[in-house]
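Engineer: First the structure, then my questions, so here it is.
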Amino acid sequence: MTIDEQYMQRCLQLAALGAGHVAPNPLVGAVLVHDGRIIGEGYHQQYGQPHAEVNCLASVQPQDQQLIAESTMYVSLEPCAHFGKTPPCADRLITEKVKRVVIACRDSYAAVDGKGITKLQAAGIDVTLGVLEKEALQLNRRFFTYHQQQRPYILLKWAQSADGYIGETEKQVAISNAISNRLVHRWRSEEAAIMVGTNTAIIDNPKLNNRYWFGPSPLRVVIDKQLRIPATHHLLKDEQPTFIVNCLLQKVQGNKEWIQLKDDHHFLRQLLQALHSRGIQSVLVEGGRQLLQSLIDAQLWDEARIITNTALLLGHGVAAPTLKNATRTDASFQQEKDSIQIFYRHTTA
Ligand code: AOF
Ligand code: ZN
């Protein structure tokens, strides 16, 4: 690792400390270095609160303040150029007369999108872009997918038996163990929304909330084109924000919204557009097979988390979806009899 990469690595560590507190903003960390010594550190801690660079400058001790103008600011995202909830960080770095700014990646949010870098350079600051860029893009993959592809980041999740079945046709089957189920609730707490298709909603009558982990429950999204889900089912009955995506009616009632889409071959695109326009940055899709496979076939997925109970043979049932263009990551691990594998979709040139 180069020296720049080492300081940027520290920025990424700091950025990660904001997880769970800054969404839909990105996780950002910053380090201020003078002559080989870190004189300030900060990260974006809370949505609506100061950005990483500002917290980093605020941490500089009084005796080091006269060194700021001879220092390098390392930051894991392009400093912002807009007046949002806080003033532009690029302006602040210019006022502080920081000598050099090292950035991991460009901010694809339309109000910034290169303007921060342009401002810094126009003020005569030496800017280096692209240090640990891949890692920085990975850390904020939901944010970047949302802004670059105009759709939420899509995570597919299913549990399958050792012989590749995800359940029976008519009834719910327990496949993963209690520890994996807790992990799934943690995953739920980390995403903006959770989504299932009609059959899963009707057969499983899921609650789709986060009961076994800390933190919030995601917004629930269910596809129910012909409004077949009984009103007594959890998804319609529970006091929890829910979108019912359908082809018959558009209305808002309490914390439920019925979103009406056209029943054509652009249905999934329309659905993702509807979520995007409502600011949903990520969606965890928990089934069933039909919805999962249609997202895979349309290449509308980013990450898949598959739990395989290696000790369970069902012999028959609903076959697991088949991934395409998937790369298995080394984030895979084993939990008792459950093997948990994480895949990313790779784009073919
Ligand atoms: C930075 N440093 O630490 C972060 C940035 O509403 P605001 O004012 O908080 O602005 C949010 C936007 O600012 C967000 O969408 C992203 O583009 C950028 N986030 N920028 O310079 C930071 N968190
Ligand atoms: Zn900023």
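Simple scheme: letters A, B, ... for chains in structure tokens order, numbers from 1 for residues in each chain, numbers from 1 for ligands in the order shown.
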Counting only C-alpha atoms and all ligand atoms, give me one row per residue of chain A with an atom at most 10 Å from an atom of ligand 1, showing the shortest contact pair and its distance in Å to one decimal, sorted by chain then residue number, as JSON lines.
Structural biologist:
```
{"residue": "A:Ala15", "atom": "CA", "partner": "ligand 1", "partner_atom_place_in_ligand_line": "3 (O)", "distance": 8.2}
{"residue": "A:Gly18", "atom": "CA", "partner": "ligand 1", "partner_atom_place_in_ligand_line": "23 (N)", "distance": 9.5}
{"residue": "A:Val22", "atom": "CA", "partner": "ligand 1", "partner_atom_place_in_ligand_line": "23 (N)", "distance": 7.7}
{"residue": "A:Ala23", "atom": "CA", "partner": "ligand 1", "partner_atom_place_in_ligand_line": "15 (O)", "distance": 9.2}
{"residue": "A:Pro24", "atom": "CA", "partner": "ligand 1", "partner_atom_place_in_ligand_line": "15 (O)", "distance": 7.3}
{"residue": "A:Asn25", "atom": "CA", "partner": "ligand 1", "partner_atom_place_in_ligand_line": "14 (C)", "distance": 4.8}
{"residue": "A:Pro26", "atom": "CA", "partner": "ligand 1", "partner_atom_place_in_ligand_line": "23 (N)", "distance": 5.3}
{"residue": "A:Leu27", "atom": "CA", "partner": "ligand 1", "partner_atom_place_in_ligand_line": "23 (N)", "distance": 6.0}
{"residue": "A:Val28", "atom": "CA", "partner": "ligand 1", "partner_atom_place_in_ligand_line": "3 (O)", "distance": 4.6}
{"residue": "A:Gly29", "atom": "CA", "partner": "ligand 1", "partner_atom_place_in_ligand_line": "3 (O)", "distance": 6.5}
{"residue": "A:Ala30", "atom": "CA", "partner": "ligand 1", "partner_atom_place_in_ligand_line": "3 (O)", "distance": 7.8}
{"residue": "A:Gly42", "atom": "CA", "partner": "ligand 1", "partner_atom_place_in_ligand_line": "3 (O)", "distance": 8.7}
{"residue": "A:Tyr43", "atom": "CA", "partner": "ligand 1", "partner_atom_place_in_ligand_line": "3 (O)", "distance": 6.2}
{"residue": "A:His44", "atom": "CA", "partner": "ligand 1", "partner_atom_place_in_ligand_line": "3 (O)", "distance": 4.6}
{"residue": "A:Gln45", "atom": "CA", "partner": "ligand 1", "partner_atom_place_in_ligand_line": "3 (O)", "distance": 8.3}
{"residue": "A:Gln46", "atom": "CA", "partner": "ligand 1", "partner_atom_place_in_ligand_line": "9 (O)", "distance": 8.8}
{"residue": "A:Tyr47", "atom": "CA", "partner": "ligand 1", "partner_atom_place_in_ligand_line": "9 (O)", "distance": 6.4}
{"residue": "A:Gly48", "atom": "CA", "partner": "ligand 1", "partner_atom_place_in_ligand_line": "9 (O)", "distance": 4.9}
{"residue": "A:Gln49", "atom": "CA", "partner": "ligand 1", "partner_atom_place_in_ligand_line": "9 (O)", "distance": 6.4}
{"residue": "A:Pro50", "atom": "CA", "partner": "ligand 1", "partner_atom_place_in_ligand_line": "9 (O)", "distance": 7.0}
{"residue": "A:His51", "atom": "CA", "partner": "ligand 1", "partner_atom_place_in_ligand_line": "3 (O)", "distance": 3.5}
{"residue": "A:Ala52", "atom": "CA", "partner": "ligand 1", "partner_atom_place_in_ligand_line": "3 (O)", "distance": 3.7}
{"residue": "A:Glu53", "atom": "CA", "partner": "ligand 1", "partner_atom_place_in_ligand_line": "2 (N)", "distance": 6.0}
{"residue": "A:Val54", "atom": "CA", "partner": "ligand 1", "partner_atom_place_in_ligand_line": "3 (O)", "distance": 7.9}
{"residue": "A:Asn55", "atom": "CA", "partner": "ligand 1", "partner_atom_place_in_ligand_line": "3 (O)", "distance": 8.5}
{"residue": "A:Cys56", "atom": "CA", "partner": "ligand 1", "partner_atom_place_in_ligand_line": "3 (O)", "distance": 9.7}
{"residue": "A:Val75", "atom": "CA", "partner": "ligand 1", "partner_atom_place_in_ligand_line": "2 (N)", "distance": 7.9}
{"residue": "A:Ser76", "atom": "CA", "partner": "ligand 1", "partner_atom_place_in_ligand_line": "2 (N)", "distance": 8.3}
{"residue": "A:Leu77", "atom": "CA", "partner": "ligand 1", "partner_atom_place_in_ligand_line": "1 (C)", "distance": 6.4}
{"residue": "A:Glu78", "atom": "CA", "partner": "ligand 1", "partner_atom_place_in_ligand_line": "21 (O)", "distance": 5.9}
{"residue": "A:Pro79", "atom": "CA", "partner": "ligand 1", "partner_atom_place_in_ligand_line": "21 (O)", "distance": 3.4}
{"residue": "A:Cys80", "atom": "CA", "partner": "ligand 1", "partner_atom_place_in_ligand_line": "21 (O)", "distance": 3.8}
{"residue": "A:Ala81", "atom": "CA", "partner": "ligand 1", "partner_atom_place_in_ligand_line": "21 (O)", "distance": 7.4}
{"residue": "A:His82", "atom": "CA", "partner": "ligand 1", "partner_atom_place_in_ligand_line": "8 (O)", "distance": 7.4}
{"residue": "A:Phe83", "atom": "CA", "partner": "ligand 1", "partner_atom_place_in_ligand_line": "8 (O)", "distance": 6.2}
{"residue": "A:Gly84", "atom": "CA", "partner": "ligand 1", "partner_atom_place_in_ligand_line": "8 (O)", "distance": 3.4}
{"residue": "A:Lys85", "atom": "CA", "partner": "ligand 1", "partner_atom_place_in_ligand_line": "8 (O)", "distance": 3.5}
{"residue": "A:Thr86", "atom": "CA", "partner": "ligand 1", "partner_atom_place_in_ligand_line": "8 (O)", "distance": 4.3}
{"residue": "A:Pro87", "atom": "CA", "partner": "ligand 1", "partner_atom_place_in_ligand_line": "8 (O)", "distance": 6.7}
{"residue": "A:Pro88", "atom": "CA", "partner": "ligand 1", "partner_atom_place_in_ligand_line": "21 (O)", "distance": 7.0}
{"residue": "A:Cys89", "atom": "CA", "partner": "ligand 1", "partner_atom_place_in_ligand_line": "21 (O)", "distance": 5.1}
{"residue": "A:Ala90", "atom": "CA", "partner": "ligand 1", "partner_atom_place_in_ligand_line": "21 (O)", "distance": 7.1}
{"residue": "A:Arg92", "atom": "CA", "partner": "ligand 1", "partner_atom_place_in_ligand_line": "21 (O)", "distance": 9.9}
{"residue": "A:Arg106", "atom": "CA", "partner": "ligand 1", "partner_atom_place_in_ligand_line": "17 (O)", "distance": 9.5}
{"residue": "A:Asp107", "atom": "CA", "partner": "ligand 1", "partner_atom_place_in_ligand_line": "17 (O)", "distance": 5.8}
{"residue": "A:Ser108", "atom": "CA", "partner": "ligand 1", "partner_atom_place_in_ligand_line": "17 (O)", "distance": 7.0}
{"residue": "A:Tyr109", "atom": "CA", "partner": "ligand 1", "partner_atom_place_in_ligand_line": "17 (O)", "distance": 4.7}
{"residue": "A:Ala110", "atom": "CA", "partner": "ligand 1", "partner_atom_place_in_ligand_line": "17 (O)", "distance": 7.7}
{"residue": "A:Ala111", "atom": "CA", "partner": "ligand 1", "partner_atom_place_in_ligand_line": "17 (O)", "distance": 7.1}
{"residue": "A:Val112", "atom": "CA", "partner": "ligand 1", "partner_atom_place_in_ligand_line": "17 (O)", "distance": 6.1}
{"residue": "A:Asp113", "atom": "CA", "partner": "ligand 1", "partner_atom_place_in_ligand_line": "17 (O)", "distance": 8.1}
{"residue": "A:Gly116", "atom": "CA", "partner": "ligand 1", "partner_atom_place_in_ligand_line": "21 (O)", "distance": 8.1}
{"residue": "A:Phe143", "atom": "CA", "partner": "ligand 1", "partner_atom_place_in_ligand_line": "15 (O)", "distance": 8.2}
{"residue": "A:Phe144", "atom": "CA", "partner": "ligand 1", "partner_atom_place_in_ligand_line": "17 (O)", "distance": 9.7}
{"residue": "A:His147", "atom": "CA", "partner": "ligand 1", "partner_atom_place_in_ligand_line": "15 (O)", "distance": 9.1}
```
Engineer: DSSP on the backbone: which residues in range 170-334 of chain A end up as alpha helix (DSSP H)? Give the answer as a PyMOL selection string.
Structural biologist: chain A and resi 178-190+198-204+234-237+267-277+289-297
Engineer: Hey, what's within 9 Å of Gln335 in chain A if we count only C-alpha atoms and toss same-chain stuff fewer than 3 positions away? As a JSON list (two decimals) with N, CA and C atoms, in the first residue's frame, please?
Structural biologist:
```
[["chain", "number", "residue", "atom", "x", "y", "z"],
["A", 177, "ASN", "N", -31.50, -22.14, 10.02],
["A", 177, "ASN", "CA", -31.55, -22.27, 11.48],
["A", 177, "ASN", "C", -31.75, -20.91, 12.16],
["A", 179, "ILE", "N", -29.91, -19.10, 14.08],
["A", 179, "ILE", "CA", -28.82, -18.11, 13.99],
["A", 179, "ILE", "C", -28.88, -17.40, 12.64],
["A", 180, "SER", "N", -29.13, -18.16, 11.59],
["A", 180, "SER", "CA", -29.25, -17.54, 10.27],
["A", 180, "SER", "C", -30.45, -16.61, 10.23],
["A", 338, "ASP", "N", -25.78, -24.41, 8.29],
["A", 338, "ASP", "CA", -26.11, -23.46, 7.22],
["A", 338, "ASP", "C", -24.84, -22.88, 6.60],
["A", 339, "SER", "N", -24.80, -22.92, 5.29],
["A", 339, "SER", "CA", -23.69, -22.30, 4.58],
["A", 339, "SER", "C", -24.23, -21.02, 3.91],
["A", 340, "ILE", "N", -23.59, -19.91, 4.23],
["A", 340, "ILE", "CA", -24.09, -18.62, 3.73],
["A", 340, "ILE", "C", -23.14, -18.09, 2.67]]
```
Engineer: If DSSP is run on the backbone, what residues of range 95-154 of chain A are strand (DSSP E or B)? A reply as a count of residues only would be ideal.
Structural biologist: 10
Engineer: For ligand 2, which residue among A:Leu93, A:Gln13, A:Leu291, A:Glu170 is the nearest when counting only C-alpha atoms and all ligand atoms?
Structural biologist: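 Closest candidate: A:Leu93.
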Engineer: Would you give me, as a Markdown table, each residue of range 238-334 of chain A having an atom within 9 Å of an atom of range 207-229 of chain A, along with its shortest atom pair and that distance in Å to one decimal, using only C-alpha atoms and sorting by chain and residue number?
Structural biologist:
```
| residue | atom | partner | partner_atom | distance |
| --- | --- | --- | --- | --- |
| A:Asp238 | CA | A:Lys207 | CA | 8.0 |
| A:Gln240 | CA | A:Leu219 | CA | 7.7 |
| A:Pro241 | CA | A:Leu219 | CA | 5.6 |
| A:Thr242 | CA | A:Arg220 | CA | 4.5 |
| A:Phe243 | CA | A:Val221 | CA | 4.7 |
| A:Ile244 | CA | A:Val222 | CA | 5.2 |
| A:Val245 | CA | A:Ile223 | CA | 4.7 |
| A:Asn246 | CA | A:Lys225 | CA | 3.9 |
| A:Cys247 | CA | A:Lys225 | CA | 5.0 |
| A:Leu248 | CA | A:Gln226 | CA | 6.6 |
| A:Gln260 | CA | A:Lys225 | CA | 8.5 |
| A:Leu261 | CA | A:Lys225 | CA | 8.5 |
| A:Asp263 | CA | A:Lys225 | CA | 7.8 |
| A:Ile280 | CA | A:Leu219 | CA | 8.9 |
| A:Val283 | CA | A:Pro218 | CA | 8.6 |
| A:Leu284 | CA | A:Pro218 | CA | 9.0 |
| A:Glu286 | CA | A:Leu208 | CA | 9.0 |
```
Engineer: Figure out the distance between CA of Ala231 in chain A and CA of Ile259 in chain A, please, to one decimal in Å.
Structural biologist: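 Separation of CA of Ile259 in chain A and CA of Ala231 in chain A: 16.5 Å.
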Engineer: Which is closer to Lys157 in chain A than all the others in A:Asn199, A:Gln66, A:Gln6, A:Asn181, using only C-alpha atoms?
Structural biologist: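 Using only C-alpha atoms, Lys157 in chain A sits closest to A:Asn181.
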Engineer: Mind checking which residues fall within 9 Å of range 304-307 of chain A, counting only C-alpha atoms, ignoring those fewer than 3 positions away in the same chain, and posting them as a PyMOL selection string?
Structural biologist: chain A and resi 154-161+175-176+180+301+323+326+332+338-345
Engineer: Name all residues at most 12 Å from Gln65 in chain A (count only C-alpha atoms; drop same-chain ones fewer than 3 positions away) and give them as a list in words.
Structural biologist: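 That gives Leu32, Val33, His34, Ile39, Gly40, Cys56, Leu57, Ala58, Ser59, Val60, Gln61, Pro62, Ile68, Ala69, Glu70, Ser71, Glu96, Lys97 and Val98 of chain A.
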Engineer: Could you turn the residues from that selection into a file that holds all heavy atoms, as a compact mmCIF listing (two decimals), in the first residue's frame?
Structural biologist:
```
# COMPACT_ATOMS: atom_id res chain seq x y z
N LEU A 32 -6.85 14.41 8.25
CA LEU A 32 -5.99 15.54 7.89
C LEU A 32 -4.56 15.20 8.32
O LEU A 32 -4.33 14.86 9.49
CB LEU A 32 -6.49 16.82 8.59
CG LEU A 32 -5.86 18.13 8.13
CD1 LEU A 32 -6.18 18.42 6.65
CD2 LEU A 32 -6.35 19.29 8.99
N VAL A 33 -3.64 15.30 7.37
CA VAL A 33 -2.27 14.86 7.63
C VAL A 33 -1.28 16.00 7.40
O VAL A 33 -1.31 16.65 6.35
CB VAL A 33 -1.89 13.67 6.72
CG1 VAL A 33 -0.45 13.24 6.96
CG2 VAL A 33 -2.84 12.51 6.95
N HIS A 34 -0.42 16.23 8.39
CA HIS A 34 0.65 17.22 8.23
C HIS A 34 2.00 16.53 8.40
O HIS A 34 2.27 15.96 9.47
CB HIS A 34 0.53 18.36 9.25
CG HIS A 34 1.65 19.35 9.14
ND1 HIS A 34 2.79 19.29 9.93
CD2 HIS A 34 1.83 20.38 8.28
CE1 HIS A 34 3.61 20.25 9.57
NE2 HIS A 34 3.04 20.94 8.58
N ILE A 39 -3.34 15.00 12.07
CA ILE A 39 -3.69 16.06 13.04
C ILE A 39 -5.21 16.22 13.19
O ILE A 39 -5.67 16.99 14.03
CB ILE A 39 -3.04 17.43 12.70
CG1 ILE A 39 -3.47 17.91 11.31
CG2 ILE A 39 -1.51 17.33 12.78
CD1 ILE A 39 -3.10 19.38 11.06
N GLY A 40 -5.97 15.47 12.37
CA GLY A 40 -7.43 15.54 12.51
C GLY A 40 -8.09 14.33 11.88
O GLY A 40 -7.57 13.75 10.91
N CYS A 56 -13.69 16.57 10.78
CA CYS A 56 -12.24 16.36 10.80
C CYS A 56 -11.53 17.66 11.19
O CYS A 56 -10.67 17.66 12.08
CB CYS A 56 -11.79 15.89 9.42
SG CYS A 56 -10.02 15.69 9.26
N LEU A 57 -11.91 18.77 10.59
CA LEU A 57 -11.29 20.07 10.92
C LEU A 57 -11.57 20.45 12.37
O LEU A 57 -10.70 20.98 13.07
CB LEU A 57 -11.82 21.15 9.97
CG LEU A 57 -11.28 21.05 8.53
CD1 LEU A 57 -12.13 21.89 7.57
CD2 LEU A 57 -9.81 21.46 8.45
N ALA A 58 -12.78 20.12 12.84
CA ALA A 58 -13.15 20.46 14.22
C ALA A 58 -12.33 19.68 15.24
O ALA A 58 -12.23 20.10 16.40
CB ALA A 58 -14.64 20.19 14.44
N SER A 59 -11.74 18.56 14.80
CA SER A 59 -10.98 17.74 15.75
C SER A 59 -9.53 18.19 15.90
O SER A 59 -8.80 17.68 16.76
CB SER A 59 -11.01 16.27 15.31
OG SER A 59 -10.09 16.06 14.26
N VAL A 60 -9.09 19.13 15.05
CA VAL A 60 -7.69 19.57 15.11
C VAL A 60 -7.45 20.35 16.41
O VAL A 60 -8.21 21.27 16.74
CB VAL A 60 -7.35 20.45 13.87
CG1 VAL A 60 -5.92 20.98 13.96
CG2 VAL A 60 -7.56 19.67 12.59
N GLN A 61 -6.41 19.98 17.13
CA GLN A 61 -6.08 20.63 18.41
C GLN A 61 -5.60 22.07 18.17
O GLN A 61 -5.00 22.35 17.13
CB GLN A 61 -4.95 19.85 19.11
CG GLN A 61 -5.32 18.42 19.47
CD GLN A 61 -6.46 18.36 20.47
OE1 GLN A 61 -6.38 18.92 21.56
NE2 GLN A 61 -7.56 17.71 20.08
N PRO A 62 -5.85 22.97 19.15
CA PRO A 62 -5.46 24.39 18.96
C PRO A 62 -3.99 24.56 18.54
O PRO A 62 -3.70 25.36 17.64
CB PRO A 62 -5.70 25.00 20.36
CG PRO A 62 -6.72 24.12 20.98
CD PRO A 62 -6.52 22.74 20.44
N ILE A 68 -2.86 23.63 9.36
CA ILE A 68 -3.90 23.19 8.42
C ILE A 68 -3.55 23.59 6.98
O ILE A 68 -3.69 22.81 6.04
CB ILE A 68 -5.29 23.75 8.83
CG1 ILE A 68 -5.72 23.11 10.16
CG2 ILE A 68 -6.34 23.47 7.75
CD1 ILE A 68 -7.03 23.64 10.74
N ALA A 69 -3.05 24.81 6.81
CA ALA A 69 -2.74 25.31 5.47
C ALA A 69 -1.57 24.58 4.81
O ALA A 69 -1.35 24.73 3.61
CB ALA A 69 -2.47 26.81 5.53
N GLU A 70 -0.86 23.78 5.58
CA GLU A 70 0.26 23.01 4.98
C GLU A 70 -0.08 21.53 4.95
O GLU A 70 0.79 20.69 4.76
CB GLU A 70 1.53 23.19 5.81
CG GLU A 70 2.09 24.58 5.80
CD GLU A 70 2.95 24.85 7.04
OE1 GLU A 70 3.51 23.88 7.59
OE2 GLU A 70 2.99 26.01 7.46
N SER A 71 -1.37 21.20 5.15
CA SER A 71 -1.74 19.80 5.31
C SER A 71 -2.48 19.23 4.11
O SER A 71 -2.96 19.96 3.25
CB SER A 71 -2.61 19.63 6.55
OG SER A 71 -1.88 20.03 7.70
N GLU A 96 -10.01 27.24 4.42
CA GLU A 96 -8.94 26.78 5.33
C GLU A 96 -7.58 26.73 4.63
O GLU A 96 -6.57 26.46 5.27
CB GLU A 96 -9.27 25.38 5.87
CG GLU A 96 -10.56 25.30 6.69
CD GLU A 96 -10.41 25.86 8.10
OE1 GLU A 96 -9.26 26.12 8.52
OE2 GLU A 96 -11.46 26.05 8.76
N LYS A 97 -7.61 26.92 3.29
CA LYS A 97 -6.38 26.90 2.48
C LYS A 97 -5.60 25.59 2.58
O LYS A 97 -4.35 25.58 2.59
CB LYS A 97 -5.47 28.07 2.86
CG LYS A 97 -6.09 29.44 2.63
CD LYS A 97 -5.02 30.51 2.77
CE LYS A 97 -5.48 31.88 2.32
NZ LYS A 97 -6.60 32.41 3.14
N VAL A 98 -6.33 24.48 2.70
CA VAL A 98 -5.69 23.16 2.71
C VAL A 98 -4.86 23.03 1.43
O VAL A 98 -5.27 23.47 0.36
CB VAL A 98 -6.78 22.06 2.77
CG1 VAL A 98 -6.19 20.69 2.55
CG2 VAL A 98 -7.51 22.13 4.10
```
Engineer: Report, in Å with one decimal, the straight-line distance from CA of Phe267 in chain A to CA of Lys324 in chain A.
Structural biologist: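 So the answer is 20.7 Å.
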Engineer: By how many Å are CA of Pro152 in chain A and CA of Leu132 in chain A apart?
Structural biologist: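 Between these atoms lies a distance of 23.8 Å.
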Engineer: Find the residues around Asp4 in chain A up to 9 Å (only C-alpha atoms counted), leave out those fewer than 2 positions away in its own chain, and share them as an NGL selection string.
Structural biologist: :A and (1-2 or 6-9 or 74 or 102 or 131-132)
Engineer: Go through A:Arg269, A:Lys251, A:Lys337, A:Lys115 and flag the residue nearest ligand 2, using only C-alpha atoms and all ligand atoms for the distances.
Structural biologist: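 Distance minimum relative to ligand 2 lands on A:Lys115.
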Engineer: Name the residues in contact with Ala319 in chain A at a cut-off of 9 Å, using only C-alpha atoms, excluding same-chain residues fewer than 5 positions from it; report them as a list in words.
Structural biologist: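 So the residues in contact are Gln160, Asp163, Gly164, Tyr165, Ile166, Gly167 and Arg289 of chain A.
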